[in-house]
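Colleague: Pasting a structure here, questions to come.
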Amino acid sequence: MRIEYDQIAEEYARHRRVHPGVLQDLLAATRPQADFSLLEVGCGTGNYIIALQQAAGCAAWGIDPSAQMLDRARQRSSSVRFQLGQAEKLDFPTASLDLVFSVDVIHHVGDRLAYFKDALRALRPGGRLCTVTDSAEIIRKRRPLTAYFPESAEVELKRYPPVEELKRLMSESGFSGLQEKEVAFPYSLSDIQAYRDKAFSSLHLIAPEAFSRGIQRMEEDLRQAPIPCVSYYYLLWGVKPIEG
Ligand SMILES: C[S@@+](CC[C@H](N)C(=O)[O-])C[C@H]1O[C@@H](n2cnc3c(N)ncnc32)[C@H](O)[C@@H]1O
């Protein structure tokens, strides 16, 4: 089953925010400056690209195939240029970008090799690509998602590409200096509306009974105390070599 982001844009915009560890790493590793050009691929409602653009004051683009997600993004920033587009065909001039990144998108991309090759073309020498995703290890330890909806892990392990495959494809495309990192953000959950609203796409992919069981268990636990959670992400960085 495909996730139709046009249909869940409202819930997504209402509930999903930046992961502080991801944003910090994007900022620290690229130190975006006023003359930088940034592109977020699959920017959705614009959470990350808007935060980076505001921090750096630089040129920034966000592309996404969902018109509804882009509408929400445009309501939040007029400084980022939001355009319809998709990873497999980046409509950007050769050697024009300093950073290309995607967050929670690579599992939707059909031809990942085409994406990495086109990102390499569009980056300036020394420019960087970052893929932020979930490793198999992260999927198994997600809390609350896997803890309360264990069926979601089976679905996710089938649709998320293994990180070894991503590393191989990036090297094959010509990226060098690959670096990987995991970031964690512990927090307490006292409002589960985002889960009731299915603002996390895997909740659309499990059986209705599995969804109801998980929500019921969350409600029972919440009656005792806030639910301790940890949000993880895996970041894979690569550099476009400077020829010389
Ligand atoms: C889970 S959302 C992530 C949105 C945003 N990056 C964030 O983290 O808030 C996944 C996004 O990927 C987009 N997407 C799906 N297929 C894509 C593709 N082939 N190329 C680029 N983006 C795609 C969807 O429309 C959706 O907005």
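Convention: chains lettered A, B, ... in structure tokens order; per-chain residue numbering from 1; ligands numbered from 1 as shown.
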Give me the residues of stretch 96-129 of chain A that have any atom at most 8 Å from an atom of stretch 169-184 of chain A; for each, the nearest atom pair and the distance in Å, rounded to one decimal. Use only C-alpha atoms, sort by chain and number, and format it as a Markdown table.
Modeller:
```
| residue | atom | partner | partner_atom | distance |
| --- | --- | --- | --- | --- |
| A:Arg112 | CA | A:Leu169 | CA | 7.5 |
| A:Leu113 | CA | A:Leu169 | CA | 5.8 |
| A:Phe116 | CA | A:Ser173 | CA | 6.0 |
| A:Lys117 | CA | A:Ser173 | CA | 5.1 |
| A:Leu120 | CA | A:Phe175 | CA | 7.2 |
```
Colleague: Restricted to N, CA and C atoms, what would the selected residues look like written as a PDB file, in the first residue's frame?
Modeller:
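This went into selection-v1.pdb:
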```
ATOM      1  N   ARG A 112      17.041   4.623  -6.368  1.00  0.00           N
ATOM      2  CA  ARG A 112      17.954   5.356  -5.448  1.00  0.00           C
ATOM      3  C   ARG A 112      19.288   5.664  -6.109  1.00  0.00           C
ATOM      4  N   LEU A 113      19.741   4.786  -7.006  1.00  0.00           N
ATOM      5  CA  LEU A 113      21.013   5.047  -7.686  1.00  0.00           C
ATOM      6  C   LEU A 113      20.871   6.298  -8.562  1.00  0.00           C
ATOM      7  N   PHE A 116      21.058   9.363  -6.249  1.00  0.00           N
ATOM      8  CA  PHE A 116      22.406   9.690  -5.763  1.00  0.00           C
ATOM      9  C   PHE A 116      23.272  10.256  -6.903  1.00  0.00           C
ATOM     10  N   LYS A 117      23.122   9.678  -8.098  1.00  0.00           N
ATOM     11  CA  LYS A 117      23.932  10.170  -9.235  1.00  0.00           C
ATOM     12  C   LYS A 117      23.542  11.592  -9.597  1.00  0.00           C
ATOM     13  N   LEU A 120      24.842  14.026  -7.011  1.00  0.00           N
ATOM     14  CA  LEU A 120      26.278  14.264  -7.201  1.00  0.00           C
ATOM     15  C   LEU A 120      26.503  15.297  -8.296  1.00  0.00           C
TER      16      LEU A 120
END
```
Colleague: Kindly compile the residues surrounding ligand 1 within 7 Å, counting only C-alpha atoms and all ligand atoms, and format them as a VMD selection string.
Modeller: chain A and resid 5 16 to 18 41 to 48 63 to 66 69 85 to 88 102 to 105 108 to 110 201
Colleague: Please produce an output containing N, CA and C atoms for each residue in the selection, written as an mmCIF file, in the first residue's frame.
Modeller:
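Below is the file selection-v6.cif, written as the result:
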```
data_model
loop_
_atom_site.group_PDB
_atom_site.id
_atom_site.type_symbol
_atom_site.label_atom_id
_atom_site.label_comp_id
_atom_site.auth_asym_id
_atom_site.auth_seq_id
_atom_site.Cartn_x
_atom_site.Cartn_y
_atom_site.Cartn_z
ATOM 1 N N TYR A 5 0.538 11.156 0.580
ATOM 2 C CA TYR A 5 0.842 12.292 1.465
ATOM 3 C C TYR A 5 -0.128 13.448 1.266
ATOM 4 N N ARG A 16 4.026 16.797 13.194
ATOM 5 C CA ARG A 16 5.427 16.414 13.011
ATOM 6 C C ARG A 16 6.343 17.631 13.084
ATOM 7 N N ARG A 17 7.380 17.527 13.908
ATOM 8 C CA ARG A 17 8.333 18.620 14.109
ATOM 9 C C ARG A 17 9.751 18.120 13.868
ATOM 10 N N VAL A 18 10.738 19.053 13.892
ATOM 11 C CA VAL A 18 12.123 18.626 13.657
ATOM 12 C C VAL A 18 12.633 17.776 14.815
ATOM 13 N N VAL A 41 15.222 17.300 -0.358
ATOM 14 C CA VAL A 41 14.469 16.428 -1.255
ATOM 15 C C VAL A 41 13.393 15.716 -0.427
ATOM 16 N N GLY A 42 12.133 15.839 -0.858
ATOM 17 C CA GLY A 42 11.036 15.276 -0.055
ATOM 18 C C GLY A 42 10.853 16.102 1.211
ATOM 19 N N CYS A 43 10.764 17.408 1.016
ATOM 20 C CA CYS A 43 10.741 18.336 2.168
ATOM 21 C C CYS A 43 9.422 18.298 2.928
ATOM 22 N N GLY A 44 8.380 17.706 2.333
ATOM 23 C CA GLY A 44 7.084 17.644 3.011
ATOM 24 C C GLY A 44 6.612 19.026 3.415
ATOM 25 N N THR A 45 6.265 19.177 4.696
ATOM 26 C CA THR A 45 5.713 20.448 5.178
ATOM 27 C C THR A 45 6.815 21.457 5.532
ATOM 28 N N GLY A 46 8.061 21.126 5.224
ATOM 29 C CA GLY A 46 9.143 22.109 5.300
ATOM 30 C C GLY A 46 9.879 22.221 6.620
ATOM 31 N N ASN A 47 9.619 21.294 7.551
ATOM 32 C CA ASN A 47 10.216 21.409 8.892
ATOM 33 C C ASN A 47 11.722 21.706 8.866
ATOM 34 N N TYR A 48 12.483 20.896 8.133
ATOM 35 C CA TYR A 48 13.952 21.005 8.225
ATOM 36 C C TYR A 48 14.506 22.137 7.370
ATOM 37 N N ILE A 63 11.844 20.376 -2.473
ATOM 38 C CA ILE A 63 11.010 19.741 -3.505
ATOM 39 C C ILE A 63 10.275 18.551 -2.899
ATOM 40 N N ASP A 64 9.088 18.289 -3.447
ATOM 41 C CA ASP A 64 8.270 17.172 -2.952
ATOM 42 C C ASP A 64 7.213 16.873 -4.017
ATOM 43 N N PRO A 65 6.845 15.585 -4.172
ATOM 44 C CA PRO A 65 5.795 15.272 -5.161
ATOM 45 C C PRO A 65 4.382 15.538 -4.652
ATOM 46 N N SER A 66 4.211 15.892 -3.374
ATOM 47 C CA SER A 66 2.859 16.102 -2.841
ATOM 48 C C SER A 66 2.515 17.591 -2.792
ATOM 49 N N MET A 69 1.365 18.730 0.747
ATOM 50 C CA MET A 69 2.461 18.922 1.718
ATOM 51 C C MET A 69 3.148 20.263 1.410
ATOM 52 N N GLY A 85 8.426 18.166 -7.267
ATOM 53 C CA GLY A 85 9.566 17.455 -7.847
ATOM 54 C C GLY A 85 9.800 16.169 -7.099
ATOM 55 N N GLN A 86 10.720 15.358 -7.635
ATOM 56 C CA GLN A 86 11.030 14.128 -6.922
ATOM 57 C C GLN A 86 12.505 13.787 -7.032
ATOM 58 N N ALA A 87 12.919 12.899 -6.122
ATOM 59 C CA ALA A 87 14.337 12.607 -5.953
ATOM 60 C C ALA A 87 14.995 12.112 -7.241
ATOM 61 N N GLU A 88 14.260 11.286 -7.981
ATOM 62 C CA GLU A 88 14.875 10.619 -9.129
ATOM 63 C C GLU A 88 15.251 11.587 -10.240
ATOM 64 N N SER A 102 17.867 14.608 2.614
ATOM 65 C CA SER A 102 16.487 14.108 2.719
ATOM 66 C C SER A 102 16.303 13.517 4.102
ATOM 67 N N VAL A 103 15.112 13.693 4.653
ATOM 68 C CA VAL A 103 14.795 13.155 5.976
ATOM 69 C C VAL A 103 13.556 12.270 5.845
ATOM 70 N N ASP A 104 13.738 10.978 6.137
ATOM 71 C CA ASP A 104 12.608 10.046 6.159
ATOM 72 C C ASP A 104 11.941 9.934 4.782
ATOM 73 N N VAL A 105 12.752 9.895 3.747
ATOM 74 C CA VAL A 105 12.233 9.912 2.369
ATOM 75 C C VAL A 105 12.796 8.762 1.534
ATOM 76 N N HIS A 108 10.927 5.903 0.072
ATOM 77 C CA HIS A 108 9.908 6.156 -0.951
ATOM 78 C C HIS A 108 10.520 6.241 -2.349
ATOM 79 N N VAL A 109 11.840 6.374 -2.410
ATOM 80 C CA VAL A 109 12.491 6.643 -3.702
ATOM 81 C C VAL A 109 12.677 5.332 -4.463
ATOM 82 N N GLY A 110 12.089 5.278 -5.674
ATOM 83 C CA GLY A 110 12.120 4.041 -6.455
ATOM 84 C C GLY A 110 13.519 3.726 -6.967
ATOM 85 N N SER A 201 3.457 7.319 9.222
ATOM 86 C CA SER A 201 2.885 6.607 8.067
ATOM 87 C C SER A 201 2.722 5.113 8.306
#
```
Colleague: Out of A:Asp221, A:Asp98, A:Glu151, A:Asp25, which residue has the shortest atom-to-atom distance to A:Trp61 when counting only C-alpha atoms?
Modeller: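 The answer is A:Asp98, which sits nearest to A:Trp61.
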Colleague: If DSSP is run on the backbone, what residues of stretch 140-228 of chain A are strand (DSSP E or B)? A reply as a PyMOL selection string would be ideal.
Modeller: chain A and resi 143+176-189+227-228
Colleague: Give me, please, the distance in Å between atom CA of A:Ile206 and atom CA of A:Asp191, quoted to one decimal.
Modeller: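 Those two atoms sit 21.4 Å apart.
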Colleague: Kindly give the distance, in Å, that separates atom CA of A:His107 and atom CA of A:Glu40, rounded to a single decimal.
Modeller: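 Those two atoms sit 15.3 Å apart.
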Colleague: Find the residues around stretch 211-216 of chain A up to 9 Å (only C-alpha atoms counted), leave out those fewer than 5 positions away in its own chain, and share them as an MDAnalysis selection string.
Modeller: chainID A and resid 145 147:151 192 195:196 203:204 206 221
Colleague: Selection from above, C-alpha atoms, as a short mmCIF file (atom, residue, chain, number, x, y, z; two decimals), in the first residue's frame, can you write it?
Modeller:
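And here is the file that came out, selection_6.cif:
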```cif
data_model
loop_
_atom_site.label_atom_id
_atom_site.label_comp_id
_atom_site.auth_asym_id
_atom_site.auth_seq_id
_atom_site.Cartn_x
_atom_site.Cartn_y
_atom_site.Cartn_z
CA LEU A 145 5.98 3.02 17.65
CA ALA A 147 6.77 -0.90 21.53
CA TYR A 148 3.01 -0.30 21.12
CA PHE A 149 2.52 -1.30 17.47
CA PRO A 150 4.96 -4.24 17.02
CA GLU A 151 3.30 -5.10 13.68
CA ILE A 192 -1.12 10.63 22.02
CA TYR A 195 -0.90 8.48 17.11
CA ARG A 196 -4.71 8.57 17.06
CA LEU A 203 0.20 3.31 11.28
CA HIS A 204 -1.61 3.43 7.94
CA ILE A 206 -0.95 -2.13 9.81
CA ASP A 221 -0.17 3.31 30.30
#
```
Colleague: Taking the DSSP secondary structure from the backbone, can you list the residues of stretch 94-179 of chain A that are helix (DSSP H, G or I), as a PyMOL selection string?
Modeller: chain A and resi 106-108+112-122+136-141+145-148+151-159+163-173
Colleague: With C-alpha atoms retained, could you export that selection as an mmCIF file, in the first residue's frame?
Modeller:
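Written out: result.cif:
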```cif
data_model
loop_
_atom_site.group_PDB
_atom_site.id
_atom_site.type_symbol
_atom_site.label_atom_id
_atom_site.label_comp_id
_atom_site.auth_asym_id
_atom_site.auth_seq_id
_atom_site.Cartn_x
_atom_site.Cartn_y
_atom_site.Cartn_z
ATOM 1 C CA ILE A 106 14.738 7.435 0.905
ATOM 2 C CA HIS A 107 12.375 4.450 1.435
ATOM 3 C CA HIS A 108 9.908 6.156 -0.951
ATOM 4 C CA ARG A 112 17.954 5.356 -5.448
ATOM 5 C CA LEU A 113 21.013 5.047 -7.686
ATOM 6 C CA ALA A 114 19.500 7.610 -10.096
ATOM 7 C CA TYR A 115 18.865 9.952 -7.144
ATOM 8 C CA PHE A 116 22.406 9.690 -5.763
ATOM 9 C CA LYS A 117 23.932 10.170 -9.235
ATOM 10 C CA ASP A 118 21.787 13.226 -9.936
ATOM 11 C CA ALA A 119 22.544 14.692 -6.495
ATOM 12 C CA LEU A 120 26.278 14.264 -7.201
ATOM 13 C CA ARG A 121 25.851 16.103 -10.504
ATOM 14 C CA ALA A 122 23.924 18.995 -8.896
ATOM 15 C CA ALA A 136 16.883 -1.888 10.903
ATOM 16 C CA GLU A 137 18.253 -1.526 14.434
ATOM 17 C CA ILE A 138 16.325 1.738 14.929
ATOM 18 C CA ILE A 139 13.099 0.234 13.568
ATOM 19 C CA ARG A 140 13.341 -2.592 16.131
ATOM 20 C CA LYS A 141 13.921 -0.265 19.083
ATOM 21 C CA LEU A 145 5.980 3.016 17.650
ATOM 22 C CA THR A 146 7.422 -0.508 17.797
ATOM 23 C CA ALA A 147 6.770 -0.896 21.528
ATOM 24 C CA TYR A 148 3.013 -0.298 21.123
ATOM 25 C CA GLU A 151 3.299 -5.099 13.683
ATOM 26 C CA SER A 152 4.646 -1.789 12.318
ATOM 27 C CA ALA A 153 8.230 -3.102 12.572
ATOM 28 C CA GLU A 154 7.565 -5.961 10.106
ATOM 29 C CA VAL A 155 6.089 -3.512 7.604
ATOM 30 C CA GLU A 156 8.919 -1.029 8.040
ATOM 31 C CA LEU A 157 11.726 -3.588 7.743
ATOM 32 C CA LYS A 158 10.319 -4.482 4.304
ATOM 33 C CA ARG A 159 10.085 -0.914 3.011
ATOM 34 C CA VAL A 163 21.908 1.053 5.385
ATOM 35 C CA GLU A 164 24.562 -1.212 3.776
ATOM 36 C CA GLU A 165 22.671 -0.856 0.474
ATOM 37 C CA LEU A 166 22.623 2.942 0.812
ATOM 38 C CA LYS A 167 26.379 3.008 1.478
ATOM 39 C CA ARG A 168 27.029 0.810 -1.566
ATOM 40 C CA LEU A 169 24.839 2.961 -3.835
ATOM 41 C CA MET A 170 26.444 6.193 -2.634
ATOM 42 C CA SER A 171 29.946 4.840 -3.271
ATOM 43 C CA GLU A 172 28.852 3.515 -6.677
ATOM 44 C CA SER A 173 27.492 6.984 -7.536
#
```
Colleague: Show which residues sit within 10 Å of A:Ala9, as a ChimeraX atom specification. Count only C-alpha atoms, and ignore same-chain residues fewer than 3 positions away.
Modeller: /A:4-6,12-14,44-45,66-73,199
Colleague: May I have the selected residues written with C-alpha atoms, as a short mmCIF file (atom, residue, chain, number, x, y, z; two decimals), in the first residue's frame?
Modeller:
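Below you can see result12.cif, which holds the result:
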```cif
data_model
loop_
_atom_site.label_atom_id
_atom_site.label_comp_id
_atom_site.auth_asym_id
_atom_site.auth_seq_id
_atom_site.Cartn_x
_atom_site.Cartn_y
_atom_site.Cartn_z
CA GLU A 4 -0.78 9.25 -0.11
CA TYR A 5 0.84 12.29 1.46
CA ASP A 6 -1.74 14.59 -0.11
CA TYR A 12 1.52 15.73 9.27
CA ALA A 13 1.70 19.54 9.50
CA ARG A 14 -0.13 19.54 12.83
CA GLY A 44 7.08 17.64 3.01
CA THR A 45 5.71 20.45 5.18
CA SER A 66 2.86 16.10 -2.84
CA ALA A 67 1.12 19.40 -3.67
CA GLN A 68 -0.72 19.35 -0.34
CA MET A 69 2.46 18.92 1.72
CA LEU A 70 4.03 21.80 -0.26
CA ASP A 71 0.98 24.02 0.40
CA ARG A 72 1.54 23.59 4.16
CA ALA A 73 5.25 24.36 3.72
CA ALA A 199 0.64 11.15 11.75
#
```
Colleague: Write out as a PyMOL selection string which residues come within 9 Å of A:Leu38 when counting only C-alpha atoms, dropping same-chain ones fewer than 5 positions away.
Modeller: chain A and resi 32+49+52-53+58-62+97-101
Colleague: Might you pull out every residue within 9 Å of A:Leu27, with only C-alpha atoms counted and same-chain residues fewer than 4 positions away left off, and present them as a list in words?
Modeller: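 With the cut-off at 9 Å, the set is Val22, Leu23, Arg31, Pro32, Leu52, Ala55 and Ala56 of chain A.
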Colleague: Which residue, A:Ala225, A:Val80, A:Leu236, A:Ile8, has the smallest gap to A:Lys198 when you use only C-alpha atoms?
Modeller: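 Going through A:Ala225, A:Val80, A:Leu236, A:Ile8 one by one, the smallest distance to A:Lys198 is for A:Ile8.
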